[in-house]
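Asker: File name target-v1.pdb; file contents PDB, C-alpha atoms; full text below.
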```pdb
ATOM      1  CA  MET A   1      29.262 -20.539 -49.304  1.00  0.00           C
ATOM      2  CA  LEU A   2      26.455 -18.719 -47.442  1.00  0.00           C
ATOM      3  CA  LYS A   3      23.281 -20.529 -46.430  1.00  0.00           C
ATOM      4  CA  VAL A   4      20.401 -18.762 -44.693  1.00  0.00           C
ATOM      5  CA  ARG A   5      17.538 -20.853 -43.377  1.00  0.00           C
ATOM      6  CA  ASP A   6      14.229 -19.784 -41.811  1.00  0.00           C
ATOM      7  CA  LEU A   7      15.615 -16.333 -40.997  1.00  0.00           C
ATOM      8  CA  GLN A   8      13.271 -14.261 -38.847  1.00  0.00           C
ATOM      9  CA  VAL A   9      13.754 -10.746 -37.491  1.00  0.00           C
ATOM     10  CA  LYS A  10      11.256  -8.980 -35.260  1.00  0.00           C
ATOM     11  CA  TYR A  11      11.282  -5.522 -33.720  1.00  0.00           C
ATOM     12  CA  GLY A  12       8.692  -5.770 -30.979  1.00  0.00           C
ATOM     13  CA  VAL A  13       5.502  -6.850 -32.728  1.00  0.00           C
ATOM     14  CA  ILE A  14       6.798  -5.876 -36.173  1.00  0.00           C
ATOM     15  CA  GLU A  15       7.990  -8.802 -38.301  1.00  0.00           C
ATOM     16  CA  ALA A  16      10.704  -7.390 -40.574  1.00  0.00           C
ATOM     17  CA  VAL A  17      11.877 -10.744 -41.974  1.00  0.00           C
ATOM     18  CA  ARG A  18       9.510 -13.701 -42.053  1.00  0.00           C
ATOM     19  CA  GLY A  19      11.296 -17.016 -42.313  1.00  0.00           C
ATOM     20  CA  ILE A  20      13.300 -16.578 -45.525  1.00  0.00           C
ATOM     21  CA  ASN A  21      15.717 -19.043 -47.121  1.00  0.00           C
ATOM     22  CA  PHE A  22      18.451 -18.234 -49.629  1.00  0.00           C
ATOM     23  CA  ASP A  23      21.957 -19.232 -50.716  1.00  0.00           C
ATOM     24  CA  VAL A  24      24.979 -17.473 -52.165  1.00  0.00           C
ATOM     25  CA  LYS A  25      27.551 -19.630 -53.945  1.00  0.00           C
ATOM     26  CA  ASN A  26      31.271 -18.973 -53.916  1.00  0.00           C
ATOM     27  CA  GLY A  27      32.202 -16.461 -56.635  1.00  0.00           C
ATOM     28  CA  GLU A  28      28.673 -15.199 -57.297  1.00  0.00           C
ATOM     29  CA  ILE A  29      27.143 -11.765 -57.228  1.00  0.00           C
ATOM     30  CA  VAL A  30      23.648 -12.112 -55.768  1.00  0.00           C
ATOM     31  CA  THR A  31      21.227  -9.267 -55.184  1.00  0.00           C
ATOM     32  CA  ILE A  32      18.183  -8.883 -52.969  1.00  0.00           C
ATOM     33  CA  ILE A  33      15.851  -6.229 -54.346  1.00  0.00           C
ATOM     34  CA  GLY A  34      12.711  -4.768 -52.872  1.00  0.00           C
ATOM     35  CA  ALA A  35      10.971  -1.597 -51.815  1.00  0.00           C
ATOM     36  CA  ASN A  36      11.911   0.462 -48.792  1.00  0.00           C
ATOM     37  CA  GLY A  37      10.828  -1.413 -45.670  1.00  0.00           C
ATOM     38  CA  ALA A  38      10.817  -4.840 -47.334  1.00  0.00           C
ATOM     39  CA  GLY A  39      13.339  -6.231 -44.823  1.00  0.00           C
ATOM     40  CA  LYS A  40      16.504  -5.998 -46.902  1.00  0.00           C
ATOM     41  CA  SER A  41      18.704  -4.198 -44.358  1.00  0.00           C
ATOM     42  CA  SER A  42      17.400  -6.373 -41.531  1.00  0.00           C
ATOM     43  CA  THR A  43      18.464  -9.428 -43.524  1.00  0.00           C
ATOM     44  CA  LEU A  44      22.068  -8.233 -43.860  1.00  0.00           C
ATOM     45  CA  ASN A  45      22.277  -6.991 -40.277  1.00  0.00           C
ATOM     46  CA  SER A  46      20.992 -10.312 -38.975  1.00  0.00           C
ATOM     47  CA  ILE A  47      23.608 -12.250 -40.950  1.00  0.00           C
ATOM     48  CA  MET A  48      26.264 -10.149 -39.202  1.00  0.00           C
ATOM     49  CA  ASN A  49      24.474 -10.698 -35.857  1.00  0.00           C
ATOM     50  CA  LEU A  50      23.822  -6.991 -35.397  1.00  0.00           C
ATOM     51  CA  VAL A  51      20.134  -7.523 -34.605  1.00  0.00           C
ATOM     52  CA  PRO A  52      18.309 -10.310 -32.714  1.00  0.00           C
ATOM     53  CA  LYS A  53      17.096 -13.091 -34.985  1.00  0.00           C
ATOM     54  CA  LYS A  54      15.867 -16.639 -35.277  1.00  0.00           C
ATOM     55  CA  GLY A  55      16.904 -19.198 -37.869  1.00  0.00           C
ATOM     56  CA  LYS A  56      20.278 -20.446 -39.030  1.00  0.00           C
ATOM     57  CA  VAL A  57      23.186 -18.866 -40.907  1.00  0.00           C
ATOM     58  CA  GLU A  58      26.066 -20.968 -42.269  1.00  0.00           C
ATOM     59  CA  PHE A  59      29.252 -19.672 -43.888  1.00  0.00           C
ATOM     60  CA  PHE A  60      31.481 -22.259 -45.558  1.00  0.00           C
ATOM     61  CA  GLU A  61      29.395 -24.917 -43.757  1.00  0.00           C
ATOM     62  CA  GLU A  62      30.168 -23.414 -40.324  1.00  0.00           C
ATOM     63  CA  ASP A  63      27.238 -22.339 -38.179  1.00  0.00           C
ATOM     64  CA  ILE A  64      27.836 -18.631 -37.523  1.00  0.00           C
ATOM     65  CA  THR A  65      24.302 -17.866 -36.336  1.00  0.00           C
ATOM     66  CA  ASN A  66      25.290 -16.839 -32.822  1.00  0.00           C
ATOM     67  CA  LEU A  67      28.901 -15.768 -33.313  1.00  0.00           C
ATOM     68  CA  PRO A  68      29.811 -12.223 -32.204  1.00  0.00           C
ATOM     69  CA  THR A  69      30.098  -9.808 -35.114  1.00  0.00           C
ATOM     70  CA  ASN A  70      33.892  -9.489 -34.845  1.00  0.00           C
ATOM     71  CA  ARG A  71      34.232 -13.268 -35.121  1.00  0.00           C
ATOM     72  CA  ILE A  72      32.017 -13.257 -38.194  1.00  0.00           C
ATOM     73  CA  VAL A  73      34.294 -10.624 -39.750  1.00  0.00           C
ATOM     74  CA  GLU A  74      37.309 -12.808 -38.917  1.00  0.00           C
ATOM     75  CA  ARG A  75      35.663 -15.693 -40.790  1.00  0.00           C
ATOM     76  CA  GLY A  76      35.650 -13.557 -43.958  1.00  0.00           C
ATOM     77  CA  LEU A  77      32.342 -11.679 -44.081  1.00  0.00           C
ATOM     78  CA  GLY A  78      32.453  -7.905 -44.470  1.00  0.00           C
ATOM     79  CA  LEU A  79      29.543  -5.453 -44.295  1.00  0.00           C
ATOM     80  CA  VAL A  80      29.241  -2.097 -46.056  1.00  0.00           C
ATOM     81  CA  PRO A  81      26.333  -0.627 -44.073  1.00  0.00           C
ATOM     82  CA  GLU A  82      23.490   1.528 -45.285  1.00  0.00           C
ATOM     83  CA  GLY A  83      24.349   5.203 -44.912  1.00  0.00           C
ATOM     84  CA  ARG A  84      28.125   4.478 -45.079  1.00  0.00           C
ATOM     85  CA  ARG A  85      28.681   5.138 -41.358  1.00  0.00           C
ATOM     86  CA  ILE A  86      32.241   6.325 -41.776  1.00  0.00           C
ATOM     87  CA  PHE A  87      33.915   8.274 -38.981  1.00  0.00           C
ATOM     88  CA  ILE A  88      33.618  11.855 -40.183  1.00  0.00           C
ATOM     89  CA  ASN A  89      36.126  13.227 -37.649  1.00  0.00           C
ATOM     90  CA  LEU A  90      38.839  10.757 -38.640  1.00  0.00           C
ATOM     91  CA  THR A  91      40.977  10.923 -41.771  1.00  0.00           C
ATOM     92  CA  VAL A  92      40.528   8.585 -44.711  1.00  0.00           C
ATOM     93  CA  GLU A  93      43.596   6.634 -43.637  1.00  0.00           C
ATOM     94  CA  GLU A  94      42.441   6.391 -40.022  1.00  0.00           C
ATOM     95  CA  ASN A  95      39.059   5.075 -41.199  1.00  0.00           C
ATOM     96  CA  LEU A  96      40.807   2.426 -43.268  1.00  0.00           C
ATOM     97  CA  LYS A  97      43.070   1.378 -40.406  1.00  0.00           C
ATOM     98  CA  LEU A  98      40.035   0.812 -38.204  1.00  0.00           C
ATOM     99  CA  GLY A  99      38.727  -1.597 -40.838  1.00  0.00           C
ATOM    100  CA  ALA A 100      41.820  -3.769 -40.317  1.00  0.00           C
ATOM    101  CA  TYR A 101      41.240  -4.348 -36.609  1.00  0.00           C
ATOM    102  CA  THR A 102      40.794  -8.094 -37.173  1.00  0.00           C
ATOM    103  CA  ASN A 103      43.633  -8.244 -39.702  1.00  0.00           C
ATOM    104  CA  PRO A 104      46.483  -6.000 -38.452  1.00  0.00           C
ATOM    105  CA  ASP A 105      49.319  -8.039 -39.964  1.00  0.00           C
ATOM    106  CA  GLU A 106      48.143  -7.289 -43.503  1.00  0.00           C
ATOM    107  CA  MET A 107      47.175  -3.667 -42.927  1.00  0.00           C
ATOM    108  CA  GLU A 108      49.785  -2.071 -45.185  1.00  0.00           C
ATOM    109  CA  SER A 109      49.276  -4.393 -48.163  1.00  0.00           C
ATOM    110  CA  LEU A 110      45.501  -4.142 -47.913  1.00  0.00           C
ATOM    111  CA  MET A 111      45.677  -0.364 -47.732  1.00  0.00           C
ATOM    112  CA  GLU A 112      47.729  -0.274 -50.921  1.00  0.00           C
ATOM    113  CA  PHE A 113      45.156  -2.552 -52.532  1.00  0.00           C
ATOM    114  CA  VAL A 114      42.317  -0.226 -51.499  1.00  0.00           C
ATOM    115  CA  TYR A 115      44.234   2.768 -52.837  1.00  0.00           C
ATOM    116  CA  SER A 116      44.841   0.941 -56.125  1.00  0.00           C
ATOM    117  CA  ILE A 117      41.111   0.459 -56.751  1.00  0.00           C
ATOM    118  CA  PHE A 118      40.099   3.836 -55.311  1.00  0.00           C
ATOM    119  CA  PRO A 119      42.888   6.267 -56.326  1.00  0.00           C
ATOM    120  CA  ARG A 120      40.831   9.206 -55.081  1.00  0.00           C
ATOM    121  CA  LEU A 121      41.072   7.875 -51.545  1.00  0.00           C
ATOM    122  CA  LYS A 122      44.852   7.859 -51.796  1.00  0.00           C
ATOM    123  CA  GLU A 123      44.800  11.478 -52.974  1.00  0.00           C
ATOM    124  CA  LYS A 124      42.632  12.415 -49.978  1.00  0.00           C
ATOM    125  CA  ARG A 125      44.086  10.061 -47.392  1.00  0.00           C
ATOM    126  CA  GLU A 126      44.856  12.886 -44.941  1.00  0.00           C
ATOM    127  CA  GLN A 127      41.435  14.549 -45.274  1.00  0.00           C
ATOM    128  CA  PHE A 128      38.665  14.017 -42.747  1.00  0.00           C
ATOM    129  CA  GLY A 129      35.890  11.666 -43.765  1.00  0.00           C
ATOM    130  CA  GLY A 130      33.308  14.395 -43.307  1.00  0.00           C
ATOM    131  CA  SER A 131      34.931  16.521 -46.006  1.00  0.00           C
ATOM    132  CA  LEU A 132      34.466  13.877 -48.716  1.00  0.00           C
ATOM    133  CA  SER A 133      31.688  13.850 -51.290  1.00  0.00           C
ATOM    134  CA  GLY A 134      28.935  11.251 -50.998  1.00  0.00           C
ATOM    135  CA  GLY A 135      30.569   9.078 -53.639  1.00  0.00           C
ATOM    136  CA  GLU A 136      33.954   9.289 -51.949  1.00  0.00           C
ATOM    137  CA  GLN A 137      32.401   8.408 -48.603  1.00  0.00           C
ATOM    138  CA  GLN A 138      30.837   5.322 -50.184  1.00  0.00           C
ATOM    139  CA  MET A 139      34.217   4.355 -51.640  1.00  0.00           C
ATOM    140  CA  LEU A 140      35.682   4.753 -48.172  1.00  0.00           C
ATOM    141  CA  ALA A 141      32.974   2.547 -46.669  1.00  0.00           C
ATOM    142  CA  VAL A 142      33.757  -0.177 -49.226  1.00  0.00           C
ATOM    143  CA  GLY A 143      37.485   0.293 -48.692  1.00  0.00           C
ATOM    144  CA  ARG A 144      37.107  -0.001 -44.921  1.00  0.00           C
ATOM    145  CA  ALA A 145      35.280  -3.337 -45.346  1.00  0.00           C
ATOM    146  CA  LEU A 146      38.027  -4.567 -47.688  1.00  0.00           C
ATOM    147  CA  MET A 147      40.656  -3.857 -45.018  1.00  0.00           C
ATOM    148  CA  ALA A 148      39.506  -6.992 -43.191  1.00  0.00           C
ATOM    149  CA  GLY A 149      40.396  -9.113 -46.237  1.00  0.00           C
ATOM    150  CA  PRO A 150      36.874 -10.505 -46.749  1.00  0.00           C
ATOM    151  CA  LYS A 151      35.956 -13.516 -48.832  1.00  0.00           C
ATOM    152  CA  MET A 152      32.451 -12.120 -49.161  1.00  0.00           C
ATOM    153  CA  LEU A 153      31.080  -8.575 -49.098  1.00  0.00           C
ATOM    154  CA  LEU A 154      27.569  -7.650 -47.976  1.00  0.00           C
ATOM    155  CA  LEU A 155      26.539  -4.238 -49.326  1.00  0.00           C
ATOM    156  CA  ASP A 156      23.483  -2.374 -48.091  1.00  0.00           C
ATOM    157  CA  GLU A 157      22.075   0.172 -50.571  1.00  0.00           C
ATOM    158  CA  PRO A 158      25.468   1.338 -51.917  1.00  0.00           C
ATOM    159  CA  SER A 159      23.871   3.472 -54.669  1.00  0.00           C
ATOM    160  CA  MET A 160      21.707   5.482 -52.266  1.00  0.00           C
ATOM    161  CA  GLY A 161      22.008   9.222 -52.817  1.00  0.00           C
ATOM    162  CA  LEU A 162      24.680   8.949 -55.496  1.00  0.00           C
ATOM    163  CA  ALA A 163      24.712  10.451 -58.989  1.00  0.00           C
ATOM    164  CA  PRO A 164      24.321   7.921 -61.841  1.00  0.00           C
ATOM    165  CA  ILE A 165      27.924   8.421 -63.019  1.00  0.00           C
ATOM    166  CA  VAL A 166      29.225   7.677 -59.506  1.00  0.00           C
ATOM    167  CA  VAL A 167      26.990   4.601 -59.238  1.00  0.00           C
ATOM    168  CA  LYS A 168      28.404   3.339 -62.537  1.00  0.00           C
ATOM    169  CA  GLU A 169      31.960   3.816 -61.287  1.00  0.00           C
ATOM    170  CA  LEU A 170      31.259   2.144 -57.955  1.00  0.00           C
ATOM    171  CA  PHE A 171      29.487  -0.838 -59.482  1.00  0.00           C
ATOM    172  CA  GLY A 172      32.358  -1.208 -61.932  1.00  0.00           C
ATOM    173  CA  VAL A 173      34.671  -1.621 -58.939  1.00  0.00           C
ATOM    174  CA  LEU A 174      32.334  -4.201 -57.410  1.00  0.00           C
ATOM    175  CA  LYS A 175      32.429  -6.178 -60.650  1.00  0.00           C
ATOM    176  CA  GLN A 176      36.228  -5.943 -60.644  1.00  0.00           C
ATOM    177  CA  LEU A 177      36.426  -7.176 -57.051  1.00  0.00           C
ATOM    178  CA  ASN A 178      34.267 -10.145 -57.976  1.00  0.00           C
ATOM    179  CA  ARG A 179      35.814 -11.088 -61.315  1.00  0.00           C
ATOM    180  CA  GLU A 180      39.474 -10.312 -60.604  1.00  0.00           C
ATOM    181  CA  GLU A 181      39.796 -10.738 -56.839  1.00  0.00           C
ATOM    182  CA  GLY A 182      37.272 -13.542 -56.386  1.00  0.00           C
ATOM    183  CA  ILE A 183      35.237 -11.739 -53.732  1.00  0.00           C
ATOM    184  CA  THR A 184      31.686 -13.030 -53.513  1.00  0.00           C
ATOM    185  CA  ILE A 185      29.059 -10.291 -53.224  1.00  0.00           C
ATOM    186  CA  LEU A 186      25.595 -10.105 -51.672  1.00  0.00           C
ATOM    187  CA  LEU A 187      24.046  -6.803 -52.689  1.00  0.00           C
ATOM    188  CA  VAL A 188      20.897  -5.284 -51.205  1.00  0.00           C
ATOM    189  CA  GLU A 189      19.445  -2.553 -53.436  1.00  0.00           C
ATOM    190  CA  GLN A 190      16.384  -0.450 -54.045  1.00  0.00           C
ATOM    191  CA  ASN A 191      17.797   0.436 -57.475  1.00  0.00           C
ATOM    192  CA  ALA A 192      16.698  -2.853 -59.004  1.00  0.00           C
ATOM    193  CA  GLY A 193      17.836  -2.150 -62.560  1.00  0.00           C
ATOM    194  CA  VAL A 194      21.435  -1.399 -61.610  1.00  0.00           C
ATOM    195  CA  ALA A 195      21.578  -4.316 -59.172  1.00  0.00           C
ATOM    196  CA  LEU A 196      20.169  -6.906 -61.573  1.00  0.00           C
ATOM    197  CA  ARG A 197      22.497  -5.819 -64.370  1.00  0.00           C
ATOM    198  CA  LEU A 198      25.465  -6.452 -62.076  1.00  0.00           C
ATOM    199  CA  ALA A 199      24.289  -9.647 -60.379  1.00  0.00           C
ATOM    200  CA  ASP A 200      24.229 -13.263 -61.525  1.00  0.00           C
ATOM    201  CA  ARG A 201      21.054 -14.064 -59.593  1.00  0.00           C
ATOM    202  CA  GLY A 202      18.455 -12.182 -57.636  1.00  0.00           C
ATOM    203  CA  TYR A 203      15.795 -12.501 -54.959  1.00  0.00           C
ATOM    204  CA  VAL A 204      12.742 -10.233 -54.628  1.00  0.00           C
ATOM    205  CA  LEU A 205      11.802  -9.414 -51.055  1.00  0.00           C
ATOM    206  CA  GLU A 206       8.335  -8.090 -50.210  1.00  0.00           C
ATOM    207  CA  ASN A 207       7.048  -7.511 -46.676  1.00  0.00           C
ATOM    208  CA  GLY A 208       9.762  -9.714 -45.206  1.00  0.00           C
ATOM    209  CA  LYS A 209       9.212 -12.651 -47.555  1.00  0.00           C
ATOM    210  CA  ILE A 210      10.995 -13.812 -50.708  1.00  0.00           C
ATOM    211  CA  VAL A 211       8.365 -13.808 -53.440  1.00  0.00           C
ATOM    212  CA  MET A 212      10.561 -14.415 -56.501  1.00  0.00           C
ATOM    213  CA  GLU A 213      14.021 -15.746 -57.289  1.00  0.00           C
ATOM    214  CA  ASP A 214      15.760 -16.360 -60.598  1.00  0.00           C
ATOM    215  CA  LYS A 215      18.730 -15.487 -62.762  1.00  0.00           C
ATOM    216  CA  SER A 216      19.092 -11.743 -63.126  1.00  0.00           C
ATOM    217  CA  ASP A 217      18.260 -11.628 -66.835  1.00  0.00           C
ATOM    218  CA  LYS A 218      15.013 -13.504 -66.153  1.00  0.00           C
ATOM    219  CA  LEU A 219      14.049 -11.070 -63.406  1.00  0.00           C
ATOM    220  CA  LEU A 220      14.911  -8.091 -65.619  1.00  0.00           C
ATOM    221  CA  SER A 221      12.527  -9.368 -68.275  1.00  0.00           C
ATOM    222  CA  SER A 222       9.761 -10.310 -65.811  1.00  0.00           C
ATOM    223  CA  PRO A 223       6.646  -8.154 -66.356  1.00  0.00           C
ATOM    224  CA  GLU A 224       5.955  -8.152 -62.619  1.00  0.00           C
ATOM    225  CA  VAL A 225       9.469  -6.984 -61.737  1.00  0.00           C
ATOM    226  CA  ARG A 226       9.443  -4.412 -64.500  1.00  0.00           C
ATOM    227  CA  LYS A 227       6.116  -3.018 -63.308  1.00  0.00           C
ATOM    228  CA  LYS A 228       7.008  -2.867 -59.603  1.00  0.00           C
ATOM    229  CA  TYR A 229      10.712  -2.047 -59.614  1.00  0.00           C
ATOM    230  CA  LEU A 230      11.785  -0.853 -63.064  1.00  0.00           C
ATOM    231  CA  GLY A 231       9.155   1.746 -63.835  1.00  0.00           C
ATOM    232  CA  GLY A 232       7.197  -0.394 -66.264  1.00  0.00           C
TER
END
```
Please lay out the structure from this file as structure tokens.
Answerer:
Amino acid sequence: MLKVRDLQVKYGVIEAVRGINFDVKNGEIVTIIGANGAGKSSTLNSIMNLVPKKGKVEFFEEDITNLPTNRIVERGLGLVPEGRRIFINLTVEENLKLGAYTNPDEMESLMEFVYSIFPRLKEKREQFGGSLSGGEQQMLAVGRALMAGPKMLLLDEPSMGLAPIVVKELFGVLKQLNREEGITILLVEQNAGVALRLADRGYVLENGKIVMEDKSDKLLSSPEVRKKYLGG
């Protein structure tokens, strides 16, 4: 479904991503774990063509490496960015409508779908985004990405700053989207334990390079992963 080959991202003289290769198959949940600064966000942003890059990105065997971001969204890739980046001076409903800019004909049905998986957003649909809690803002960020009707979701640190009970609820929704709606997920996370328990497979990114890859249960039981990312 998604193929990334020899992906490189540089910011001036700083090499954030150093020629990585990975795949995500249709229907999978795949996670990329690593410490802060490992290159995880740069990887997702480069897939969406939000930062300059070298290498090749294919989605359903189509080369999308140099497509504008809006065209990539139209192909079925949706990004939930780090830090949520909702519009705090717009209402919940206005934020969601903006997410449907590439898919206006299905706006109403998709909005009802978002409200069905995040009932709290429906209750607060007339409130400004800035008045929501951190967990609600993250739900809104996911909901906004879903308004484009994606085949695949890229999520950048969705657990950041959230209480454990909210993380559990959010990741339960991600599992539901994958298992019941067939949405493939590529998840970037610093919270390795939560990510690996959700995902089918995982990659470990260190200093811009993939240093390990395996099924999630194998990575969870790896002494090296446990020592570096799971507190021993």
Asker: Quick one: which region 129-229 of chain A residues come within 12 Å of region 70-90 of chain A, and what is the nearest atom pair for each with the distance in Å to one decimal, counting all atoms listed in the file, rows ordered by chain and ascending number, as a tab-separated table?
Answerer:
```
residue	atom	partner	partner_atom	distance
A:Gly129	CA	A:Ile88	CA	4.2
A:Gly130	CA	A:Ile88	CA	4.0
A:Ser131	CA	A:Ile88	CA	7.6
A:Leu132	CA	A:Ile88	CA	8.8
A:Ser133	CA	A:Ile88	CA	11.4
A:Gly134	CA	A:Arg84	CA	9.0
A:Gly135	CA	A:Arg84	CA	10.0
A:Glu136	CA	A:Arg84	CA	10.2
A:Gln137	CA	A:Arg84	CA	6.8
A:Gln138	CA	A:Arg84	CA	5.8
A:Met139	CA	A:Arg84	CA	9.0
A:Leu140	CA	A:Ile86	CA	7.4
A:Ala141	CA	A:Arg84	CA	5.5
A:Val142	CA	A:Val80	CA	5.8
A:Gly143	CA	A:Val80	CA	9.0
A:Arg144	CA	A:Val80	CA	8.2
A:Ala145	CA	A:Gly78	CA	5.4
A:Leu146	CA	A:Gly78	CA	7.3
A:Met147	CA	A:Gly78	CA	9.2
A:Ala148	CA	A:Val73	CA	7.2
A:Gly149	CA	A:Gly76	CA	6.9
A:Pro150	CA	A:Gly76	CA	4.3
A:Lys151	CA	A:Gly76	CA	4.9
A:Met152	CA	A:Leu77	CA	5.1
A:Leu153	CA	A:Gly78	CA	4.9
A:Leu154	CA	A:Leu79	CA	4.7
A:Leu155	CA	A:Val80	CA	4.8
A:Asp156	CA	A:Glu82	CA	4.8
A:Glu157	CA	A:Glu82	CA	5.6
A:Pro158	CA	A:Glu82	CA	6.9
A:Ser159	CA	A:Glu82	CA	9.6
A:Met160	CA	A:Gly83	CA	7.8
A:Gly161	CA	A:Gly83	CA	9.2
A:Leu162	CA	A:Gly83	CA	11.2
A:Leu174	CA	A:Val80	CA	12.0
A:Ile183	CA	A:Gly76	CA	10.0
A:Thr184	CA	A:Leu77	CA	9.6
A:Ile185	CA	A:Gly78	CA	9.7
A:Leu186	CA	A:Leu79	CA	9.6
A:Leu187	CA	A:Val80	CA	9.7
A:Val188	CA	A:Glu82	CA	9.4
A:Glu189	CA	A:Glu82	CA	10.0
A:Gln190	CA	A:Glu82	CA	11.5
```
Asker: Please, what distance in Å, to one decimal, runs between CA of Lys97 (chain A) and CA of Phe128 (chain A)?
Answerer: 13.6 Å
Asker: Env of region 45-60 of chain A: 8 Å cut, atoms = only C-alpha atoms, seq-sep filter 5 positions within chain, self excluded. Answer as a PDB file with C-alpha atoms, in the coordinates of the input.
Answerer:
```pdb
ATOM      1  CA  MET A   1      29.262 -20.539 -49.304  1.00  0.00           C
ATOM      2  CA  LEU A   2      26.455 -18.719 -47.442  1.00  0.00           C
ATOM      3  CA  LYS A   3      23.281 -20.529 -46.430  1.00  0.00           C
ATOM      4  CA  VAL A   4      20.401 -18.762 -44.693  1.00  0.00           C
ATOM      5  CA  ARG A   5      17.538 -20.853 -43.377  1.00  0.00           C
ATOM      6  CA  ASP A   6      14.229 -19.784 -41.811  1.00  0.00           C
ATOM      7  CA  LEU A   7      15.615 -16.333 -40.997  1.00  0.00           C
ATOM      8  CA  GLN A   8      13.271 -14.261 -38.847  1.00  0.00           C
ATOM      9  CA  VAL A   9      13.754 -10.746 -37.491  1.00  0.00           C
ATOM     10  CA  LYS A  10      11.256  -8.980 -35.260  1.00  0.00           C
ATOM     11  CA  GLY A  19      11.296 -17.016 -42.313  1.00  0.00           C
ATOM     12  CA  THR A  65      24.302 -17.866 -36.336  1.00  0.00           C
ATOM     13  CA  ASN A  66      25.290 -16.839 -32.822  1.00  0.00           C
ATOM     14  CA  LEU A  67      28.901 -15.768 -33.313  1.00  0.00           C
ATOM     15  CA  PRO A  68      29.811 -12.223 -32.204  1.00  0.00           C
ATOM     16  CA  THR A  69      30.098  -9.808 -35.114  1.00  0.00           C
ATOM     17  CA  ILE A  72      32.017 -13.257 -38.194  1.00  0.00           C
ATOM     18  CA  LEU A  77      32.342 -11.679 -44.081  1.00  0.00           C
ATOM     19  CA  LEU A  79      29.543  -5.453 -44.295  1.00  0.00           C
TER      20      LEU A  79
END
```
Asker: Rounded to one decimal place, report the CA of Lys218 (chain A)-CA of Gly39 (chain A) distance in Å.
Answerer: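 Calculated distance between CA of Lys218 (chain A) and CA of Gly39 (chain A) is 22.6 Å.
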Asker: With all atoms listed in the file as the atoms that count, which of A:Arg18, A:Lys25, A:Arg125, A:Lys215 lies nearest to Glu112 (chain A)?
Answerer: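 The shortest atom-to-atom distance to Glu112 (chain A) comes from A:Arg125.
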Asker: In Å, rounded to a single decimal, give me how far CA of Glu180 (chain A) is from CA of Thr43 (chain A).
Answerer: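 These two atoms are separated by 27.1 Å.
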